[in-house]
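J.: For reference, this is run30.json, and it has JSON, C-alpha atoms.
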```json
[["chain", "number", "residue", "atom", "x", "y", "z"],
["A", 4, "MET", "CA", 27.25, 20.15, 7.23],
["A", 5, "ASN", "CA", 23.69, 20.98, 8.18],
["A", 6, "LEU", "CA", 21.07, 19.00, 10.08],
["A", 7, "TYR", "CA", 19.72, 17.30, 6.94],
["A", 8, "ASP", "CA", 23.17, 15.88, 6.15],
["A", 9, "ILE", "CA", 23.72, 14.66, 9.71],
["A", 10, "ILE", "CA", 20.35, 12.86, 9.72],
["A", 11, "PHE", "CA", 21.09, 11.37, 6.31],
["A", 12, "TYR", "CA", 24.42, 9.95, 7.47],
["A", 13, "LEU", "CA", 22.78, 8.61, 10.64],
["A", 14, "PHE", "CA", 20.10, 6.73, 8.67],
["A", 15, "ALA", "CA", 22.60, 5.59, 6.03],
["A", 16, "VAL", "CA", 24.95, 4.16, 8.67],
["A", 17, "VAL", "CA", 22.09, 2.39, 10.49],
["A", 18, "THR", "CA", 20.84, 0.93, 7.20],
["A", 19, "VAL", "CA", 24.19, -0.27, 5.89],
["A", 20, "VAL", "CA", 25.55, -1.63, 9.19],
["A", 21, "SER", "CA", 22.40, -3.59, 9.98],
["A", 22, "ALA", "CA", 22.28, -4.86, 6.38],
["A", 23, "ILE", "CA", 25.82, -6.18, 6.85],
["A", 24, "VAL", "CA", 24.67, -7.96, 10.02],
["A", 25, "VAL", "CA", 21.71, -9.40, 8.05],
["A", 26, "VAL", "CA", 23.93, -11.08, 5.49],
["A", 27, "THR", "CA", 26.79, -12.13, 7.77],
["A", 28, "SER", "CA", 25.23, -13.19, 11.07],
["A", 29, "LYS", "CA", 25.27, -16.91, 11.74],
["A", 30, "ASN", "CA", 22.05, -16.81, 13.71],
["A", 31, "ILE", "CA", 18.90, -16.43, 11.65],
["A", 32, "ILE", "CA", 17.02, -14.68, 14.43],
["A", 33, "TYR", "CA", 19.73, -12.00, 14.69],
["A", 34, "SER", "CA", 19.54, -11.56, 10.93],
["A", 35, "ALA", "CA", 15.77, -11.16, 11.01],
["A", 36, "PHE", "CA", 15.93, -8.59, 13.79],
["A", 37, "SER", "CA", 18.66, -6.55, 12.14],
["A", 38, "LEU", "CA", 16.55, -6.58, 8.98],
["A", 39, "LEU", "CA", 14.08, -4.65, 11.16],
["A", 40, "PHE", "CA", 16.66, -1.87, 11.63],
["A", 41, "THR", "CA", 17.54, -1.92, 7.93],
["A", 42, "LEU", "CA", 13.88, -1.42, 7.01],
["A", 43, "PHE", "CA", 13.48, 1.39, 9.54],
["A", 44, "GLY", "CA", 16.61, 3.09, 8.22],
["A", 45, "ILE", "CA", 15.30, 2.86, 4.67],
["A", 46, "ALA", "CA", 11.98, 4.35, 5.80],
["A", 47, "GLY", "CA", 13.99, 7.22, 7.29],
["A", 48, "LEU", "CA", 15.74, 7.72, 3.96],
["A", 49, "TYR", "CA", 12.33, 7.87, 2.27],
["A", 50, "VAL", "CA", 11.25, 10.61, 4.68],
["A", 51, "LEU", "CA", 14.42, 12.54, 3.87],
["A", 52, "LEU", "CA", 13.52, 12.20, 0.19],
["A", 53, "GLY", "CA", 10.12, 13.74, 0.83],
["A", 54, "ALA", "CA", 8.18, 10.50, 0.41],
["A", 55, "ASP", "CA", 6.21, 10.45, 3.65],
["A", 56, "PHE", "CA", 3.41, 8.15, 2.46],
["A", 57, "VAL", "CA", 5.81, 5.55, 1.05],
["A", 58, "ALA", "CA", 7.78, 5.64, 4.30],
["A", 59, "VAL", "CA", 4.67, 4.83, 6.34],
["A", 60, "VAL", "CA", 3.70, 2.09, 3.88],
["A", 61, "GLN", "CA", 7.24, 0.72, 4.15],
["A", 62, "ILE", "CA", 6.97, 0.48, 7.92],
["A", 63, "MET", "CA", 3.47, -1.00, 7.88],
["A", 64, "VAL", "CA", 3.95, -3.53, 5.08],
["A", 65, "TYR", "CA", 7.60, -4.48, 5.55],
["A", 66, "VAL", "CA", 7.99, -4.32, 9.31],
["A", 67, "GLY", "CA", 4.40, -5.22, 10.16],
["A", 68, "GLY", "CA", 3.86, -7.81, 7.45],
["A", 69, "ILE", "CA", 6.84, -9.20, 5.61],
["A", 70, "LEU", "CA", 9.24, -9.28, 8.56],
["A", 71, "ILE", "CA", 6.68, -11.04, 10.77],
["A", 72, "LEU", "CA", 6.08, -13.50, 7.93],
["A", 73, "LEU", "CA", 9.84, -14.14, 7.66],
["A", 74, "LEU", "CA", 10.07, -14.68, 11.42],
["A", 75, "PHE", "CA", 7.19, -17.18, 11.19],
["A", 76, "GLY", "CA", 9.13, -18.88, 8.41],
["A", 77, "VAL", "CA", 12.22, -19.11, 10.61],
["A", 78, "MET", "CA", 10.27, -20.41, 13.60],
["A", 79, "LEU", "CA", 8.29, -22.98, 11.63],
["A", 80, "THR", "CA", 11.22, -24.42, 9.69],
["A", 81, "ASN", "CA", 13.72, -24.90, 12.51],
["A", 82, "LYS", "CA", 13.50, -27.19, 15.46],
["A", 83, "ILE", "CA", 14.13, -24.48, 18.00],
["A", 84, "THR", "CA", 14.13, -26.66, 21.07],
["A", 85, "SER", "CA", 16.58, -29.29, 19.83],
["A", 86, "VAL", "CA", 18.76, -27.81, 17.08],
["A", 87, "ASP", "CA", 20.23, -24.35, 17.31],
["A", 88, "ILE", "CA", 19.05, -21.86, 14.73],
["A", 89, "ARG", "CA", 22.06, -21.54, 12.54],
["A", 90, "THR", "CA", 22.52, -21.15, 8.86],
["A", 91, "GLY", "CA", 25.46, -22.44, 6.89],
["A", 92, "THR", "CA", 27.26, -20.35, 4.34],
["A", 93, "ILE", "CA", 28.65, -21.47, 1.02],
["A", 94, "ASN", "CA", 30.72, -19.87, -1.77],
["A", 95, "ILE", "CA", 31.90, -17.03, 0.45],
["A", 96, "PHE", "CA", 34.94, -16.07, -1.58],
["A", 97, "PRO", "CA", 33.37, -16.01, -5.08],
["A", 98, "ALA", "CA", 30.32, -14.22, -3.72],
["A", 99, "LEU", "CA", 32.47, -11.61, -2.01],
["A", 100, "LEU", "CA", 34.47, -11.09, -5.19],
["A", 101, "GLY", "CA", 31.38, -10.86, -7.38],
["A", 102, "SER", "CA", 29.39, -8.53, -5.19],
["A", 103, "MET", "CA", 32.38, -6.25, -4.52],
["A", 104, "LEU", "CA", 33.01, -6.05, -8.27],
["A", 105, "LEU", "CA", 29.35, -5.23, -8.87],
["A", 106, "LEU", "CA", 29.44, -2.62, -6.10],
["A", 107, "CYS", "CA", 32.51, -0.93, -7.59],
["A", 108, "VAL", "CA", 30.99, -0.88, -11.08],
["A", 109, "LEU", "CA", 27.70, 0.54, -9.77],
["A", 110, "ILE", "CA", 29.36, 3.26, -7.70],
["A", 111, "VAL", "CA", 31.68, 4.29, -10.54],
["A", 112, "LEU", "CA", 28.69, 4.40, -12.88],
["A", 113, "PHE", "CA", 26.58, 6.45, -10.46],
["A", 114, "LEU", "CA", 29.34, 8.93, -9.67],
["A", 115, "SER", "CA", 30.60, 9.38, -13.22],
["A", 116, "THR", "CA", 27.19, 10.04, -14.76],
["A", 117, "GLU", "CA", 26.14, 13.67, -15.02],
["A", 118, "TRP", "CA", 22.62, 13.40, -13.64],
["A", 119, "VAL", "CA", 20.31, 16.22, -14.60],
["A", 120, "THR", "CA", 18.80, 17.24, -11.29],
["A", 121, "VAL", "CA", 16.29, 19.88, -10.44],
["A", 122, "PRO", "CA", 16.59, 21.67, -7.12],
["A", 123, "ALA", "CA", 14.38, 19.84, -4.65],
["A", 124, "GLU", "CA", 11.55, 22.05, -3.54],
["A", 125, "LEU", "CA", 10.15, 22.00, -0.05],
["A", 126, "SER", "CA", 7.99, 18.91, -0.06],
["A", 127, "LYS", "CA", 4.32, 18.94, 0.81],
["A", 128, "SER", "CA", 2.26, 15.94, 1.86],
["A", 129, "THR", "CA", 2.30, 13.45, -0.99],
["A", 130, "THR", "CA", -0.74, 11.36, -0.05],
["A", 131, "ALA", "CA", -3.30, 13.29, -2.12],
["A", 132, "GLY", "CA", -1.10, 13.30, -5.20],
["A", 133, "ILE", "CA", -0.38, 9.56, -4.96],
["A", 134, "GLY", "CA", -4.08, 8.84, -4.52],
["A", 135, "LYS", "CA", -4.95, 10.84, -7.63],
["A", 136, "LEU", "CA", -2.23, 9.11, -9.67],
["A", 137, "LEU", "CA", -3.35, 5.65, -8.49],
["A", 138, "LEU", "CA", -6.94, 6.23, -9.59],
["A", 139, "THR", "CA", -6.22, 8.00, -12.88],
["A", 140, "GLU", "CA", -2.95, 7.25, -14.65],
["A", 141, "TYR", "CA", -2.12, 3.96, -12.92],
["A", 142, "VAL", "CA", -5.62, 2.61, -12.38],
["A", 143, "LEU", "CA", -5.06, -0.48, -14.54],
["A", 144, "ILE", "CA", -1.88, -1.46, -12.67],
["A", 145, "PHE", "CA", -3.64, -0.74, -9.39],
["A", 146, "GLU", "CA", -6.52, -3.11, -10.21],
["A", 147, "LEU", "CA", -4.16, -5.76, -11.55],
["A", 148, "LEU", "CA", -2.14, -5.60, -8.32],
["A", 149, "GLY", "CA", -5.36, -6.10, -6.38],
["A", 150, "ILE", "CA", -6.07, -9.26, -8.36],
["A", 151, "LEU", "CA", -2.44, -10.35, -7.93],
["A", 152, "LEU", "CA", -2.69, -10.00, -4.15],
["A", 153, "LEU", "CA", -5.91, -12.04, -4.12],
["A", 154, "VAL", "CA", -4.27, -14.78, -6.23],
["A", 155, "ALA", "CA", -1.18, -14.72, -3.99],
["A", 156, "LEU", "CA", -3.37, -15.05, -0.89],
["A", 157, "ILE", "CA", -5.31, -18.03, -2.24],
["A", 158, "GLY", "CA", -2.19, -19.60, -3.74],
["A", 159, "ALA", "CA", -0.16, -19.28, -0.55],
["A", 160, "ALA", "CA", -2.94, -20.79, 1.54],
["A", 161, "SER", "CA", -3.46, -23.71, -0.82],
["A", 162, "ILE", "CA", 0.28, -24.42, -1.19],
["A", 163, "ALA", "CA", 0.97, -24.28, 2.53],
["A", 164, "ARG", "CA", -2.00, -26.44, 3.54],
["A", 165, "ARG", "CA", -1.65, -29.16, 0.90],
["A", 166, "GLU", "CA", -2.05, -32.57, 2.52],
["A", 167, "LYS", "CA", 0.16, -35.50, 1.60],
["A", 168, "GLU", "CA", -1.90, -38.40, 0.44],
["B", 13, "MET", "CA", 31.92, 16.08, 2.91],
["B", 14, "ALA", "CA", 29.77, 17.33, 0.11],
["B", 15, "GLU", "CA", 26.17, 18.39, 0.46],
["B", 16, "VAL", "CA", 23.88, 15.35, 0.47],
["B", 17, "GLY", "CA", 22.42, 14.94, -2.99],
["B", 18, "LEU", "CA", 21.30, 12.31, -5.44],
["B", 19, "ASN", "CA", 24.66, 10.50, -5.50],
["B", 20, "HIS", "CA", 24.62, 9.81, -1.76],
["B", 21, "PHE", "CA", 21.30, 7.99, -1.98],
["B", 22, "LEU", "CA", 22.45, 6.10, -5.07],
["B", 23, "VAL", "CA", 25.60, 4.91, -3.27],
["B", 24, "VAL", "CA", 23.57, 3.67, -0.29],
["B", 25, "SER", "CA", 21.29, 1.75, -2.64],
["B", 26, "ALA", "CA", 24.30, 0.28, -4.49],
["B", 27, "ILE", "CA", 25.74, -0.96, -1.19],
["B", 28, "LEU", "CA", 22.39, -2.52, -0.23],
["B", 29, "PHE", "CA", 22.16, -4.20, -3.65],
["B", 30, "ALA", "CA", 25.65, -5.71, -3.32],
["B", 31, "LEU", "CA", 24.91, -6.92, 0.22],
["B", 32, "GLY", "CA", 21.63, -8.49, -0.91],
["B", 33, "LEU", "CA", 23.39, -10.29, -3.75],
["B", 34, "TYR", "CA", 26.06, -11.52, -1.34],
["B", 35, "GLY", "CA", 23.34, -12.80, 1.02],
["B", 36, "ILE", "CA", 21.50, -14.63, -1.76],
["B", 37, "VAL", "CA", 24.63, -16.37, -3.01],
["B", 38, "THR", "CA", 26.17, -17.34, 0.33],
["B", 39, "ARG", "CA", 23.24, -18.30, 2.53],
["B", 40, "LYS", "CA", 22.04, -21.89, 2.69],
["B", 41, "ASN", "CA", 18.77, -21.36, 4.49],
["B", 42, "ALA", "CA", 15.94, -20.50, 2.11],
["B", 43, "VAL", "CA", 14.49, -17.88, 4.49],
["B", 44, "MET", "CA", 17.83, -16.08, 4.49],
["B", 45, "VAL", "CA", 17.82, -16.06, 0.69],
["B", 46, "LEU", "CA", 14.43, -14.35, 0.91],
["B", 47, "MET", "CA", 15.93, -11.69, 3.20],
["B", 48, "GLY", "CA", 18.58, -11.01, 0.54],
["B", 49, "ILE", "CA", 15.84, -10.56, -2.05],
["B", 50, "GLU", "CA", 14.09, -8.06, 0.24],
["B", 51, "LEU", "CA", 17.34, -6.07, 0.51],
["B", 52, "ILE", "CA", 17.64, -5.92, -3.28],
["B", 53, "LEU", "CA", 14.01, -4.82, -3.72],
["B", 54, "ASN", "CA", 14.54, -2.10, -1.13],
["B", 55, "SER", "CA", 17.64, -0.82, -2.89],
["B", 56, "ALA", "CA", 15.64, -0.55, -6.12],
["B", 57, "ASN", "CA", 12.97, 1.35, -4.20],
["B", 58, "ILE", "CA", 15.52, 3.85, -2.88],
["B", 59, "ASN", "CA", 16.58, 4.51, -6.47],
["B", 60, "PHE", "CA", 12.98, 5.02, -7.60],
["B", 61, "ILE", "CA", 12.28, 7.55, -4.86],
["B", 62, "ALA", "CA", 15.62, 9.34, -5.17],
["B", 63, "PHE", "CA", 15.12, 9.88, -8.90],
["B", 64, "SER", "CA", 11.52, 10.88, -8.27],
["B", 65, "ARG", "CA", 12.76, 13.59, -5.93],
["B", 66, "PHE", "CA", 15.82, 14.88, -7.77],
["B", 67, "GLY", "CA", 14.63, 14.36, -11.33],
["B", 68, "ASN", "CA", 11.61, 16.22, -12.58],
["B", 69, "PHE", "CA", 9.16, 13.31, -12.36],
["B", 70, "GLY", "CA", 6.58, 14.41, -9.83],
["B", 71, "LEU", "CA", 5.17, 11.52, -7.84],
["B", 72, "ASN", "CA", 5.52, 8.77, -10.47],
["B", 73, "GLY", "CA", 8.59, 7.26, -8.84],
["B", 74, "GLN", "CA", 6.84, 7.05, -5.49],
["B", 75, "VAL", "CA", 3.87, 5.25, -7.05],
["B", 76, "MET", "CA", 6.31, 2.76, -8.63],
["B", 77, "ALA", "CA", 7.91, 2.23, -5.22],
["B", 78, "LEU", "CA", 4.47, 1.44, -3.79],
["B", 79, "PHE", "CA", 3.91, -1.16, -6.53],
["B", 80, "VAL", "CA", 7.29, -2.74, -5.72],
["B", 81, "ILE", "CA", 6.33, -2.96, -2.04],
["B", 82, "ILE", "CA", 3.05, -4.68, -2.97],
["B", 83, "LEU", "CA", 4.88, -7.16, -5.21],
["B", 84, "ALA", "CA", 7.38, -7.84, -2.42],
["B", 85, "ALA", "CA", 4.54, -8.67, -0.04],
["B", 86, "ALA", "CA", 2.98, -11.12, -2.52],
["B", 87, "GLU", "CA", 6.39, -12.65, -3.23],
["B", 88, "ALA", "CA", 7.18, -13.15, 0.46],
["B", 89, "ALA", "CA", 3.82, -14.84, 1.12],
["B", 90, "ILE", "CA", 4.14, -17.29, -1.80],
["B", 91, "ALA", "CA", 7.83, -18.00, -1.15],
["B", 92, "LEU", "CA", 7.24, -18.77, 2.53],
["B", 93, "ALA", "CA", 4.38, -21.11, 1.64],
["B", 94, "ILE", "CA", 6.74, -22.95, -0.71],
["B", 95, "VAL", "CA", 9.45, -23.02, 1.99],
["B", 96, "LEU", "CA", 7.01, -24.52, 4.50],
["B", 97, "ASN", "CA", 6.02, -27.17, 1.98],
["B", 98, "ILE", "CA", 9.68, -28.00, 1.30],
["B", 99, "TYR", "CA", 10.25, -28.28, 5.04],
["B", 100, "LYS", "CA", 7.34, -30.71, 5.37],
["B", 101, "THR", "CA", 8.75, -32.87, 2.59],
["B", 102, "PHE", "CA", 12.52, -32.77, 3.17],
["B", 103, "ILE", "CA", 12.78, -31.76, 6.89],
["B", 104, "ASN", "CA", 15.29, -29.02, 6.04],
["B", 105, "VAL", "CA", 15.31, -25.84, 3.99],
["B", 106, "ASN", "CA", 18.93, -25.72, 2.84],
["B", 107, "VAL", "CA", 18.85, -24.68, -0.77],
["B", 108, "ASP", "CA", 22.04, -26.57, -1.64],
["B", 109, "GLU", "CA", 20.71, -29.95, -0.48],
["B", 110, "ILE", "CA", 17.27, -29.86, -2.08],
["B", 111, "ASP", "CA", 17.72, -31.05, -5.63],
["B", 112, "LYS", "CA", 14.54, -33.02, -6.25],
["B", 113, "LEU", "CA", 11.17, -31.69, -7.34],
["B", 114, "LYS", "CA", 9.36, -34.48, -5.46],
["B", 115, "GLU", "CA", 10.35, -37.13, -2.94]]
```
Output the file's structure in the form of structure tokens.

T.:
Amino acid sequence: MNLYDIIFYLFAVVTVVSAIVVVTSKNIIYSAFSLLFTLFGIAGLYVLLGADFVAVVQIMVYVGGILILLLFGVMLTNKITSVDIRTGTINIFPALLGSMLLLCVLIVLFLSTEWVTVPAELSKSTTAGIGKLLLTEYVLIFELLGILLLVALIGAASIARREKE
Amino acid sequence: MAEVGLNHFLVVSAILFALGLYGIVTRKNAVMVLMGIELILNSANINFIAFSRFGNFGLNGQVMALFVIILAAAEAAIALAIVLNIYKTFINVNVDEIDKLKE
């Protein structure tokens, strides 16, 4: 068991344990903050997979953007001063059964398939390569995503600020 | 324990997917359902990057993961705007109680 394996298990345990807290905690704020640790753990896994640029984007967009947005959502939709921030749960037993079944099927599938893998070479910085791919092979998707983000921005602002007449 | 390889990452992503599904089905609060969706998107991203590393695909998987992150950001912004609007109209955001499209 070398250092790489130890770091992998560390990040995997952080990710999975905090993800369990996310879906089981009664308090929404606790869930949101343990989602922070899940996202950091996943960013660590990306680094272990040699994807340094995606890991930084993960931290900046997810932790800096989406998580803050979710926290705003929690704060704006609960009366924090009067009612405690709790979330009810429904269908626990069927959901547990279904997701456990799915998990077993997925793991059996993953472990029984003979994946053709190439030995992973020592990874270099990926930023230049990703930049080249974005502006050559994937340039259409890249531009479309730019338009999508603009539409999402305008749409979100107009939905959230609609006045009742 | 075996050397960490592709299967280890795939198992972590499978666990995250199952947890996200469990969160979506069991939670009442709409914001919590969104958190479950984020978990599922992240598990898909782990698969993209793991296959990009261990298969012979170059950087294509990482570019796909970037696109997924962008889509997740757009989805979170729109979904929270809708949640805020629902809250203004119905004074709660429990997905099992909201069954009307308008008041």

J.: Give the answer as one residue: which of A:Asn94, A:Asn30, A:Thr130, A:Ser115 has the shortest atom-to-atom distance to chain B, using all atoms listed in the file?

T.: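 Comparing A:Asn94, A:Asn30, A:Thr130, A:Ser115 against chain B, the winner is A:Asn94.
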
J.: Residues within 6 Å of range 152-167 of chain A, please, as a ChimeraX atom specification. Count only C-alpha atoms; anything in the same chain fewer than 2 positions from it doesn't count.

T.: /A:149-150 /B:86,90,93,97

J.: Return as a tab-separated table the residues of chain B lying at most 6 Å from chain A, together with the closest atom-to-atom pair for each and the distance in Å to one decimal, counting all atoms listed in the file, with rows in chain order and ascending residue number.

T.:
```
residue	atom	partner	partner_atom	distance
B:Val16	CA	A:Asp8	CA	5.7
B:Ala30	CA	A:Ser102	CA	5.0
B:Tyr34	CA	A:Ala98	CA	5.6
B:Gly35	CA	A:Val26	CA	4.8
B:Thr38	CA	A:Ile93	CA	4.9
B:Arg39	CA	A:Thr92	CA	4.9
B:Lys40	CA	A:Gly91	CA	5.4
B:Asn41	CA	A:Thr90	CA	5.8
B:Phe66	CA	A:Thr120	CA	5.2
B:Gly67	CA	A:Thr120	CA	5.1
B:Ala86	CA	A:Ala155	CA	5.7
B:Ile90	CA	A:Ala159	CA	4.9
B:Ala93	CA	A:Ala163	CA	4.7
B:Asn97	CA	A:Ala163	CA	5.8
```

J.: Using all atoms listed in the file, which of the listed residues (A:Val17, A:Leu6, A:Leu147, A:Val50) sits closest to Val24 in chain B?

T.: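 Looking at the shortest contact to Val24 in chain B, the residue is A:Val17.
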
J.: I'd like the interatomic distance between CA of Ala42 in chain B and CA of Asp108 in chain B, to a tenth of an Å.

T.: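 Between CA of Ala42 in chain B and CA of Asp108 in chain B the gap works out to 9.4 Å.
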
J.: Could you check how far CA of Leu28 in chain B sits from CA of Ile110 in chain B, in Å to one decimal?

T.: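 Going from CA of Leu28 in chain B over to CA of Ile110 in chain B, I get 27.9 Å.
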
J.: For range 61-65 of chain B, work out the shell of residues within 7 Å, counting only C-alpha atoms and skipping chain neighbours fewer than 5 positions away, then give it as number ranges by chain.

T.: A: 52, 123; B: 18, 21, 70-74, 77

J.: Rounded to one decimal, what separation in Å do you get between CA of Leu13 in chain A and CA of Phe36 in chain A?

T.: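 Atom-to-atom, CA of Leu13 in chain A to CA of Phe36 in chain A, that is 18.8 Å.
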
J.: Choose the residue, out of A:Met78, A:Leu143, A:Leu138, A:Ala131, that has the smallest atom-to-atom separation from Tyr99 in chain B; count all atoms listed in the file.

T.: A:Met78

J.: Go through B:Asn106, B:Leu53, B:Asn19, B:Leu78 and flag the residue nearest Leu33 in chain B, using only C-alpha atoms for the distances.

T.: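 With only C-alpha atoms as the atom set, the closest residue is B:Leu53.
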
J.: Using all atoms listed in the file, which residues sit within 12 Å of Leu113 in chain B once same-chain residues fewer than 2 positions away are excluded, as a PyMOL selection string?

T.: chain B and resi 94+97-98+101-102+109-111+115
